[in-house]
Amino acid sequence: MADDPTPAPADRDLAGRAMGAIDLLVDTLHDKVVRPILLIGRTVAFAFIIVICVGVICVGLCVALLRLLDVYAFAAHQWASWALLGAVFVTAGLVVWRFRKTPARSGHAK
């Protein structure tokens with residue numbers, strides 16, 4: 001019976017505690033480090049996809065509006081369609097410019 005390969009109960013308990021400690025360490029690292037990194041990465045990726053989709057939709061709507069103006073509103077005058085669309089964008093730009101926030105001045109006087 002000297003060649004029995006089964007470990008003693010104390011050795012099994014030590015191995016179990018060691019594996020439990022390693023499992024706890026891995027779970028803690030996953031919860032504190034890996035999960036926030038994954039959430040940030042997922043947020044950045046979805047935000048990028050949403051921004052690209054919104055850009056594509058805006059361009060498509062502008063093209064559709066220009067074609068509708070060319071066909072129905074100003075059939076023989078394409079310049080009028082471009083002028084009206086340009087005026088809409090200039091007006092929108094002025095409105096956005098009016099509500100902009102001025103950056104805080106640093107302590108340096110001019």
# chains A, B, ... in the order shown; residues from 1 in each chain; ligands from 1

call {"tool": "residues_around", "arguments": {"residues": "Leu85 (chain A)", "least_positions_apart": "4", "cutoff": "9 Å", "atoms": "only C-alpha atoms", "output": "PyMOL selection string"}}
result
chain A and resi 62+65-66+80-81+89-90

call {"tool": "atom_distance", "arguments": {"atom1": "CA of Asp13 (chain A)", "atom2": "CA of Thr28 (chain A)"}}
result
22.2 Å

call {"tool": "select_by_dssp", "arguments": {"residues": "chain A", "states": "helix (DSSP H, G or I)", "output": "PDB file with C-alpha atoms, in the first residue's frame"}}
result
ATOM      1  CA  PRO A   9      -7.100  14.405   2.778  1.00  0.00           C
ATOM      2  CA  ALA A  10      -4.959  17.317   4.008  1.00  0.00           C
ATOM      3  CA  ASP A  11      -3.326  17.625   0.576  1.00  0.00           C
ATOM      4  CA  ARG A  12      -6.736  17.609  -1.139  1.00  0.00           C
ATOM      5  CA  ASP A  13      -7.930  20.362   1.192  1.00  0.00           C
ATOM      6  CA  LEU A  14      -4.834  22.453   0.471  1.00  0.00           C
ATOM      7  CA  ALA A  15      -5.306  22.021  -3.273  1.00  0.00           C
ATOM      8  CA  GLY A  16      -8.980  22.940  -2.966  1.00  0.00           C
ATOM      9  CA  ARG A  17      -8.190  26.092  -1.014  1.00  0.00           C
ATOM     10  CA  ALA A  18      -5.494  27.053  -3.527  1.00  0.00           C
ATOM     11  CA  MET A  19      -7.887  26.566  -6.451  1.00  0.00           C
ATOM     12  CA  GLY A  20     -10.562  28.543  -4.592  1.00  0.00           C
ATOM     13  CA  ALA A  21      -8.122  31.410  -4.040  1.00  0.00           C
ATOM     14  CA  ILE A  22      -7.089  31.394  -7.695  1.00  0.00           C
ATOM     15  CA  ASP A  23     -10.730  31.294  -8.776  1.00  0.00           C
ATOM     16  CA  LEU A  24     -11.533  34.232  -6.492  1.00  0.00           C
ATOM     17  CA  LEU A  25      -8.569  36.188  -7.870  1.00  0.00           C
ATOM     18  CA  VAL A  26      -9.598  35.562 -11.472  1.00  0.00           C
ATOM     19  CA  ASP A  27     -13.224  36.506 -10.751  1.00  0.00           C
ATOM     20  CA  THR A  28     -12.138  39.689  -8.978  1.00  0.00           C
ATOM     21  CA  LEU A  29      -9.824  40.694 -11.833  1.00  0.00           C
ATOM     22  CA  HIS A  30     -12.573  40.014 -14.327  1.00  0.00           C
ATOM     23  CA  ASP A  31     -15.095  42.117 -12.401  1.00  0.00           C
ATOM     24  CA  LYS A  32     -12.730  45.016 -11.642  1.00  0.00           C
ATOM     25  CA  VAL A  33     -10.579  45.182 -14.809  1.00  0.00           C
ATOM     26  CA  VAL A  34     -11.865  43.209 -17.762  1.00  0.00           C
ATOM     27  CA  ARG A  35     -15.570  44.028 -17.522  1.00  0.00           C
ATOM     28  CA  PRO A  36     -15.076  47.852 -17.460  1.00  0.00           C
ATOM     29  CA  ILE A  37     -12.684  47.613 -20.412  1.00  0.00           C
ATOM     30  CA  LEU A  38     -15.237  45.557 -22.346  1.00  0.00           C
ATOM     31  CA  LEU A  39     -18.024  47.999 -21.503  1.00  0.00           C
ATOM     32  CA  ILE A  40     -15.951  50.983 -22.625  1.00  0.00           C
ATOM     33  CA  GLY A  41     -14.950  49.232 -25.831  1.00  0.00           C
ATOM     34  CA  ARG A  42     -18.533  48.228 -26.556  1.00  0.00           C
ATOM     35  CA  THR A  43     -19.733  51.782 -25.924  1.00  0.00           C
ATOM     36  CA  VAL A  44     -17.111  53.275 -28.231  1.00  0.00           C
ATOM     37  CA  ALA A  45     -17.905  50.761 -30.975  1.00  0.00           C
ATOM     38  CA  PHE A  46     -21.662  51.330 -30.800  1.00  0.00           C
ATOM     39  CA  ALA A  47     -21.193  55.113 -30.675  1.00  0.00           C
ATOM     40  CA  PHE A  48     -18.999  54.942 -33.779  1.00  0.00           C
ATOM     41  CA  ILE A  49     -21.608  52.859 -35.607  1.00  0.00           C
ATOM     42  CA  ILE A  50     -24.398  55.246 -34.588  1.00  0.00           C
ATOM     43  CA  VAL A  51     -22.440  58.324 -35.709  1.00  0.00           C
ATOM     44  CA  ILE A  52     -21.681  56.745 -39.093  1.00  0.00           C
ATOM     45  CA  CYS A  53     -25.336  55.718 -39.557  1.00  0.00           C
ATOM     46  CA  VAL A  54     -26.591  59.195 -38.648  1.00  0.00           C
ATOM     47  CA  GLY A  55     -24.135  60.717 -41.126  1.00  0.00           C
ATOM     48  CA  VAL A  56     -25.289  58.412 -43.908  1.00  0.00           C
ATOM     49  CA  ILE A  57     -28.948  59.162 -43.135  1.00  0.00           C
ATOM     50  CA  CYS A  58     -28.298  62.933 -43.145  1.00  0.00           C
ATOM     51  CA  VAL A  59     -26.514  62.787 -46.484  1.00  0.00           C
ATOM     52  CA  GLY A  60     -29.297  60.647 -47.949  1.00  0.00           C
ATOM     53  CA  LEU A  61     -31.963  63.059 -46.727  1.00  0.00           C
ATOM     54  CA  CYS A  62     -30.078  66.036 -48.177  1.00  0.00           C
ATOM     55  CA  VAL A  63     -29.762  64.303 -51.558  1.00  0.00           C
ATOM     56  CA  ALA A  64     -33.464  63.381 -51.473  1.00  0.00           C
ATOM     57  CA  LEU A  65     -34.436  66.958 -50.582  1.00  0.00           C
ATOM     58  CA  LEU A  66     -32.288  68.357 -53.381  1.00  0.00           C
ATOM     59  CA  ARG A  67     -33.802  65.962 -55.919  1.00  0.00           C
ATOM     60  CA  LEU A  68     -37.330  66.756 -54.743  1.00  0.00           C
ATOM     61  CA  LEU A  69     -36.641  70.484 -55.076  1.00  0.00           C
ATOM     62  CA  ASP A  70     -35.130  69.967 -58.537  1.00  0.00           C
ATOM     63  CA  VAL A  71     -38.097  67.980 -59.798  1.00  0.00           C
ATOM     64  CA  TYR A  72     -41.114  69.579 -58.117  1.00  0.00           C
ATOM     65  CA  ALA A  73     -40.250  73.064 -56.836  1.00  0.00           C
ATOM     66  CA  GLN A  78     -31.323  73.864 -60.470  1.00  0.00           C
ATOM     67  CA  TRP A  79     -29.448  76.831 -59.015  1.00  0.00           C
ATOM     68  CA  ALA A  80     -32.528  77.741 -56.955  1.00  0.00           C
ATOM     69  CA  SER A  81     -32.528  74.288 -55.330  1.00  0.00           C
ATOM     70  CA  TRP A  82     -28.873  74.648 -54.424  1.00  0.00           C
ATOM     71  CA  ALA A  83     -29.449  78.203 -53.126  1.00  0.00           C
ATOM     72  CA  LEU A  84     -32.381  77.124 -50.947  1.00  0.00           C
ATOM     73  CA  LEU A  85     -30.483  74.151 -49.520  1.00  0.00           C
ATOM     74  CA  GLY A  86     -27.452  76.401 -48.926  1.00  0.00           C
ATOM     75  CA  ALA A  87     -29.635  78.947 -47.133  1.00  0.00           C
ATOM     76  CA  VAL A  88     -31.053  76.206 -44.909  1.00  0.00           C
ATOM     77  CA  PHE A  89     -27.546  75.055 -43.959  1.00  0.00           C
ATOM     78  CA  VAL A  90     -26.288  78.609 -43.383  1.00  0.00           C
ATOM     79  CA  THR A  91     -29.283  79.310 -41.139  1.00  0.00           C
ATOM     80  CA  ALA A  92     -28.724  76.072 -39.210  1.00  0.00           C
ATOM     81  CA  GLY A  93     -25.031  76.940 -38.844  1.00  0.00           C
ATOM     82  CA  LEU A  94     -25.845  80.416 -37.527  1.00  0.00           C
ATOM     83  CA  VAL A  95     -28.281  78.970 -34.987  1.00  0.00           C
ATOM     84  CA  VAL A  96     -25.694  76.468 -33.775  1.00  0.00           C
ATOM     85  CA  TRP A  97     -23.040  79.203 -33.695  1.00  0.00           C
ATOM     86  CA  ARG A  98     -25.318  81.407 -31.573  1.00  0.00           C
TER      87      ARG A  98
END
